[in-house]
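Reproduced below: model-v6.txt, with compact mmCIF, C-alpha atoms.
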# COMPACT_ATOMS: atom_id res chain seq x y z
CA MET A 5 145.41 -12.15 228.07
CA THR A 6 146.12 -8.41 227.80
CA LYS A 7 142.58 -7.89 226.54
CA PHE A 8 141.33 -9.60 229.68
CA PHE A 9 143.39 -7.29 231.95
CA ALA A 10 142.29 -4.26 229.91
CA LEU A 11 138.65 -5.33 230.37
CA ILE A 12 139.10 -5.77 234.11
CA LEU A 13 140.89 -2.42 234.39
CA SER A 14 138.16 -0.59 232.45
CA LEU A 15 135.48 -2.26 234.57
CA PHE A 16 137.28 -1.18 237.72
CA ILE A 17 137.60 2.43 236.47
CA SER A 18 133.92 2.62 235.46
CA VAL A 19 132.76 1.22 238.82
CA SER A 20 135.00 3.71 240.63
CA ALA A 21 133.68 6.60 238.54
CA PHE A 22 130.09 5.51 239.16
CA GLY A 23 130.72 5.29 242.89
CA ALA A 24 132.19 8.81 242.94
CA ASP A 25 128.91 10.30 241.68
CA ALA A 26 126.75 8.37 244.13
CA PRO A 27 125.68 10.35 247.18
CA SER A 28 127.60 9.25 250.23
CA SER A 29 126.21 8.97 253.69
CA PRO A 30 128.45 9.58 256.65
CA ARG A 31 129.72 6.54 258.42
CA VAL A 32 128.71 6.51 262.05
CA SER A 33 131.02 4.84 264.47
CA ILE A 34 129.65 4.15 267.92
CA PHE A 35 132.47 3.94 270.42
CA SER A 36 131.91 4.23 274.12
CA THR A 37 134.37 6.50 275.88
CA SER A 38 133.12 5.14 279.16
CA THR A 39 134.94 1.83 278.87
CA ASP A 40 138.16 3.20 280.34
CA TRP A 41 137.03 6.08 282.58
CA GLN A 42 138.91 4.58 285.49
CA ALA A 43 142.21 4.77 283.61
CA VAL A 44 141.43 8.20 282.14
CA THR A 45 140.46 9.82 285.45
CA GLY A 46 142.59 7.85 287.90
CA LEU A 47 139.43 7.33 289.98
CA THR A 48 138.08 3.95 291.03
CA LEU A 49 134.89 2.61 289.49
CA ASN A 50 132.18 1.72 292.00
CA GLU A 51 128.79 0.14 291.46
CA TYR A 52 125.70 2.07 292.49
CA ASN A 53 122.18 0.69 292.76
CA GLY A 54 119.19 2.92 292.19
CA ARG A 55 115.66 2.63 293.50
CA PHE A 56 112.72 4.75 292.45
CA ILE A 57 110.01 6.66 294.26
CA SER A 58 106.99 6.76 291.98
CA ASP A 59 105.08 9.85 290.87
CA LYS A 60 101.53 9.04 289.77
CA LYS A 61 101.34 12.01 287.39
CA LEU A 62 104.54 11.08 285.52
CA VAL A 63 104.18 7.30 285.73
CA GLY A 64 100.53 7.03 284.66
CA ARG A 65 99.85 3.40 283.72
CA GLY A 66 103.58 2.65 283.83
CA LEU A 67 106.91 4.19 282.96
CA VAL A 68 109.77 2.47 281.14
CA LEU A 69 113.17 4.07 281.84
CA TYR A 70 116.39 3.44 279.91
CA TYR A 71 119.50 4.80 281.62
CA LEU A 72 121.58 7.08 279.37
CA ASP A 73 125.32 6.83 279.94
CA GLY A 74 126.95 10.08 280.96
CA PHE A 75 129.95 11.09 283.00
CA PRO A 76 130.62 10.06 285.76
CA CYS A 77 128.65 6.84 285.15
CA TYR A 78 127.77 4.21 282.61
CA GLY A 79 125.05 1.61 282.80
CA LEU A 80 125.69 -2.03 283.57
CA GLY A 81 123.93 -4.21 281.02
CA TYR A 82 121.61 -6.00 283.42
CA GLY A 83 120.29 -2.86 285.07
CA VAL A 84 119.78 -0.10 282.51
CA ARG A 85 116.07 -0.73 281.81
CA VAL A 86 113.54 -0.34 284.60
CA TRP A 87 109.74 -0.36 284.51
CA VAL A 88 108.01 1.61 287.27
CA GLY A 89 104.35 0.84 287.89
CA PRO A 90 101.56 3.12 289.07
CA ASP A 91 101.74 1.43 292.48
CA GLY A 92 105.47 2.22 292.78
CA LYS A 93 106.62 -1.35 292.14
CA THR A 94 109.48 -1.90 289.69
CA ASP A 95 110.64 -4.86 287.64
CA ASN A 96 114.33 -4.10 288.22
CA ASP A 97 116.76 -1.82 290.02
CA LEU A 98 119.09 0.57 288.25
CA HIS A 99 122.71 -0.69 288.20
CA ILE A 100 125.44 1.72 287.13
CA ALA A 101 129.23 1.95 287.49
CA CYS A 102 130.63 5.37 288.37
CA VAL A 103 133.97 7.04 289.08
CA ALA A 104 132.09 9.52 291.31
CA ALA A 105 128.61 9.54 292.82
CA PRO A 106 126.18 11.05 290.28
CA MET A 107 124.29 14.16 291.35
CA GLU A 108 121.78 13.67 288.52
CA ILE A 109 121.12 11.04 285.90
CA LYS A 110 119.24 10.93 282.60
CA PHE A 111 116.84 8.44 281.14
CA ALA A 112 115.14 7.92 277.83
CA TYR A 113 111.54 7.19 278.79
CA ARG A 114 108.13 6.17 277.56
CA ASN A 115 104.81 5.47 279.23
CA ALA A 116 103.72 1.86 278.86
CA THR A 117 102.24 -1.02 280.80
CA ARG A 118 104.59 -3.63 282.20
CA ASP A 119 104.15 -6.22 279.44
CA ALA A 120 103.94 -3.78 276.53
CA ASP A 121 106.00 -4.54 273.45
CA GLN A 122 109.25 -2.72 272.83
CA ALA A 123 108.64 0.70 271.30
CA THR A 124 110.41 3.99 270.69
CA THR A 125 110.94 6.17 273.73
CA THR A 126 109.42 9.64 274.07
CA GLY A 127 112.32 11.85 275.16
CA ILE A 128 114.72 12.60 278.02
CA LEU A 129 114.01 12.64 281.72
CA THR A 130 116.63 14.30 283.97
CA CYS A 131 116.52 13.28 287.61
CA PRO A 132 118.45 14.40 290.70
CA THR A 133 119.69 11.63 292.97
CA ARG A 134 119.92 11.18 296.71
CA ILE A 135 122.97 9.17 297.68
CA SER A 136 123.50 6.94 300.69
CA GLY A 137 126.70 4.97 300.37
CA ARG A 138 126.34 3.03 297.11
CA ASP A 139 122.55 3.35 297.02
CA LEU A 140 120.78 5.97 294.92
CA THR A 141 117.22 7.11 295.36
CA ILE A 142 115.49 8.69 292.40
CA ASP A 143 112.26 10.50 293.28
CA LEU A 144 110.41 10.72 289.98
CA SER A 145 108.44 13.75 291.19
CA ASP A 146 111.74 15.70 291.21
CA CYS A 147 112.60 14.81 287.60
CA THR A 148 112.52 17.28 284.72
CA VAL A 149 110.86 16.16 281.52
CA GLY A 150 112.95 17.27 278.55
CA PRO A 151 111.90 17.78 274.95
CA ASP A 152 110.41 14.94 272.95
CA TRP A 153 112.69 13.40 270.31
CA ASP A 154 110.81 15.16 267.48
CA GLU A 155 111.87 18.52 268.93
CA TYR A 156 115.56 17.67 268.34
CA ARG A 157 115.12 17.71 264.54
As structure tokens, what does this structure read like?
Amino acid sequence: MTKFFALILSLFISVSAFGADAPSSPRVSIFSTSTDWQAVTGLTLNEYNGRFISDKKLVGRGLVLYYLDGFPCYGLGYGVRVWVGPDGKTDNDLHIACVAAPMEIKFAYRNATRDADQATTTGILTCPTRISGRDLTIDLSDCTVGPDWDEYR
């Protein structure tokens, strides 16, 4: 029986030693700090709905926008992806929860037709907002196109 325990112990030590030499990759933990902004700030969360004014140059054949969470807002699951067509029609409205009205918002974007398959986005689009009560207007002609993802490397 002691030989059995000695074998198990030596196996454990050799596996541990082997693991120590293996290159380690950092563990990434994704945790949203936005889940408790109301408690952290003492401000009340309110829902805002965004509508888009199209810009033919930016939209092209279509523009898919994915809202990027950022203080003072985070996206509500059913309204963080919006497709804007060349005719200005959209397939959804933006729905976000905020502790203060956002002066600007950011999107990951890509140009694509309405029924295009899911694909990687191009980069960041930063857009000022016009606020009327709980309604936001985002004029795409006022947005700033940021660097493409490849430029972040």
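Of the residues listed (A:Leu67, A:Cys102, A:Val149, A:Ala43), A:Leu67 shows the shortest atom-to-atom separation from Trp87 (chain A); distances use all atoms listed in the file.
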Near-region 47-50 of chain A list (8 Å; only C-alpha atoms; drop same-chain fewer than 6 positions) as a list in words: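 So, after excluding close chain neighbours, the residues are Trp41, Ala101, Cys102, Val103, Ala104 and Arg138 of chain A.
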Pick out the closest residue to Gly66 (chain A) from this set: A:Thr94, A:Asn53, A:Thr126, A:Ser136. Count all atoms listed in the file.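 Closest to Gly66 (chain A), using all atoms listed in the file: A:Thr94.
Among the candidate residues A:Gly83, A:Gly46, A:Gly92, A:Gly64, the one lying nearest to Asn115 (chain A) is A:Gly64, with distances computed using all atoms listed in the file.
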For the atom pair CA of Gly127 (chain A) and CA of Phe75 (chain A), what is the interatomic distance in Å to one decimal place?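 Value for the CA of Gly127 (chain A)-CA of Phe75 (chain A) distance: 19.3 Å.
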Between CA of Ile109 (chain A) and CA of Ile57 (chain A), what distance in Å does the model show, to one decimal?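 These atoms are spaced 14.6 Å apart.
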Taking the point (111.1, 13.0, 272.9) as given in the file, collect each protein or nucleic acid residue that comes within 8 Å of it, counting all atoms listed in the file, and present the set as an MDAnalysis selection string. chainID A and resid 125:128 150:156
Please produce a file of those selected residues containing C-alpha atoms, as a CSV table (one decimal), in the frame of the given file.
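In the end it all went to selection_6.csv:
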chain,number,residue,atom,x,y,z
A,125,THR,CA,110.9,6.2,273.7
A,126,THR,CA,109.4,9.6,274.1
A,127,GLY,CA,112.3,11.8,275.2
A,128,ILE,CA,114.7,12.6,278.0
A,150,GLY,CA,113.0,17.3,278.6
A,151,PRO,CA,111.9,17.8,275.0
A,152,ASP,CA,110.4,14.9,273.0
A,153,TRP,CA,112.7,13.4,270.3
A,154,ASP,CA,110.8,15.2,267.5
A,155,GLU,CA,111.9,18.5,268.9
A,156,TYR,CA,115.6,17.7,268.3
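Using only C-alpha atoms, the smallest distance between any of A:Thr130, A:Asp40, A:Ala123, A:Gly137 and Pro76 (chain A) comes from A:Asp40.
The coordinates place CA of Asp146 (chain A) at 9.1 Å from CA of Thr133 (chain A).
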Where atoms are lacking, region 99-118 of chain A completed to N, CA and C atoms, as a PDB file, in the frame of the given file:
ATOM      1  N   HIS A  99     121.340  -0.286 287.844  1.00  0.00           N
ATOM      2  CA  HIS A  99     122.710  -0.690 288.200  1.00  0.00           C
ATOM      3  C   HIS A  99     123.666   0.074 287.300  1.00  0.00           C
ATOM      4  N   ILE A 100     124.499   0.917 287.902  1.00  0.00           N
ATOM      5  CA  ILE A 100     125.440   1.720 287.130  1.00  0.00           C
ATOM      6  C   ILE A 100     126.820   1.660 287.789  1.00  0.00           C
ATOM      7  N   ALA A 101     127.854   1.878 286.991  1.00  0.00           N
ATOM      8  CA  ALA A 101     129.230   1.950 287.490  1.00  0.00           C
ATOM      9  C   ALA A 101     129.691   3.396 287.326  1.00  0.00           C
ATOM     10  N   CYS A 102     130.283   3.944 288.383  1.00  0.00           N
ATOM     11  CA  CYS A 102     130.630   5.370 288.370  1.00  0.00           C
ATOM     12  C   CYS A 102     132.026   5.589 288.972  1.00  0.00           C
ATOM     13  N   VAL A 103     132.703   6.626 288.474  1.00  0.00           N
ATOM     14  CA  VAL A 103     133.970   7.040 289.080  1.00  0.00           C
ATOM     15  C   VAL A 103     133.736   8.097 290.157  1.00  0.00           C
ATOM     16  N   ALA A 104     132.506   8.594 290.250  1.00  0.00           N
ATOM     17  CA  ALA A 104     132.090   9.520 291.310  1.00  0.00           C
ATOM     18  C   ALA A 104     130.580   9.381 291.438  1.00  0.00           C
ATOM     19  N   ALA A 105     130.062   9.651 292.611  1.00  0.00           N
ATOM     20  CA  ALA A 105     128.610   9.540 292.820  1.00  0.00           C
ATOM     21  C   ALA A 105     127.888  10.562 291.928  1.00  0.00           C
ATOM     22  N   PRO A 106     126.882  10.125 291.185  1.00  0.00           N
ATOM     23  CA  PRO A 106     126.180  11.050 290.280  1.00  0.00           C
ATOM     24  C   PRO A 106     125.202  11.944 291.038  1.00  0.00           C
ATOM     25  N   MET A 107     125.231  13.221 290.729  1.00  0.00           N
ATOM     26  CA  MET A 107     124.290  14.160 291.350  1.00  0.00           C
ATOM     27  C   MET A 107     122.952  14.145 290.605  1.00  0.00           C
ATOM     28  N   GLU A 108     122.997  13.838 289.309  1.00  0.00           N
ATOM     29  CA  GLU A 108     121.780  13.670 288.520  1.00  0.00           C
ATOM     30  C   GLU A 108     122.056  12.640 287.444  1.00  0.00           C
ATOM     31  N   ILE A 109     120.999  12.023 286.968  1.00  0.00           N
ATOM     32  CA  ILE A 109     121.120  11.040 285.900  1.00  0.00           C
ATOM     33  C   ILE A 109     120.007  11.279 284.887  1.00  0.00           C
ATOM     34  N   LYS A 110     120.207  10.738 283.680  1.00  0.00           N
ATOM     35  CA  LYS A 110     119.240  10.930 282.600  1.00  0.00           C
ATOM     36  C   LYS A 110     118.741   9.589 282.090  1.00  0.00           C
ATOM     37  N   PHE A 111     117.490   9.621 281.693  1.00  0.00           N
ATOM     38  CA  PHE A 111     116.840   8.440 281.140  1.00  0.00           C
ATOM     39  C   PHE A 111     116.137   8.809 279.846  1.00  0.00           C
ATOM     40  N   ALA A 112     116.113   7.869 278.909  1.00  0.00           N
ATOM     41  CA  ALA A 112     115.140   7.920 277.830  1.00  0.00           C
ATOM     42  C   ALA A 112     113.912   7.238 278.429  1.00  0.00           C
ATOM     43  N   TYR A 113     112.720   7.748 278.140  1.00  0.00           N
ATOM     44  CA  TYR A 113     111.540   7.190 278.790  1.00  0.00           C
ATOM     45  C   TYR A 113     110.368   7.062 277.825  1.00  0.00           C
ATOM     46  N   ARG A 114     109.419   6.259 278.240  1.00  0.00           N
ATOM     47  CA  ARG A 114     108.130   6.170 277.560  1.00  0.00           C
ATOM     48  C   ARG A 114     107.120   5.617 278.550  1.00  0.00           C
ATOM     49  N   ASN A 115     105.884   6.009 278.396  1.00  0.00           N
ATOM     50  CA  ASN A 115     104.810   5.470 279.230  1.00  0.00           C
ATOM     51  C   ASN A 115     104.291   4.202 278.585  1.00  0.00           C
ATOM     52  N   ALA A 116     104.196   3.145 279.377  1.00  0.00           N
ATOM     53  CA  ALA A 116     103.720   1.860 278.860  1.00  0.00           C
ATOM     54  C   ALA A 116     103.411   0.936 280.036  1.00  0.00           C
ATOM     55  N   THR A 117     102.512  -0.009 279.794  1.00  0.00           N
ATOM     56  CA  THR A 117     102.240  -1.020 280.800  1.00  0.00           C
ATOM     57  C   THR A 117     103.412  -1.980 280.894  1.00  0.00           C
ATOM     58  N   ARG A 118     103.440  -2.757 281.932  1.00  0.00           N
ATOM     59  CA  ARG A 118     104.590  -3.630 282.200  1.00  0.00           C
ATOM     60  C   ARG A 118     104.914  -4.584 281.064  1.00  0.00           C
TER      61      ARG A 118
END
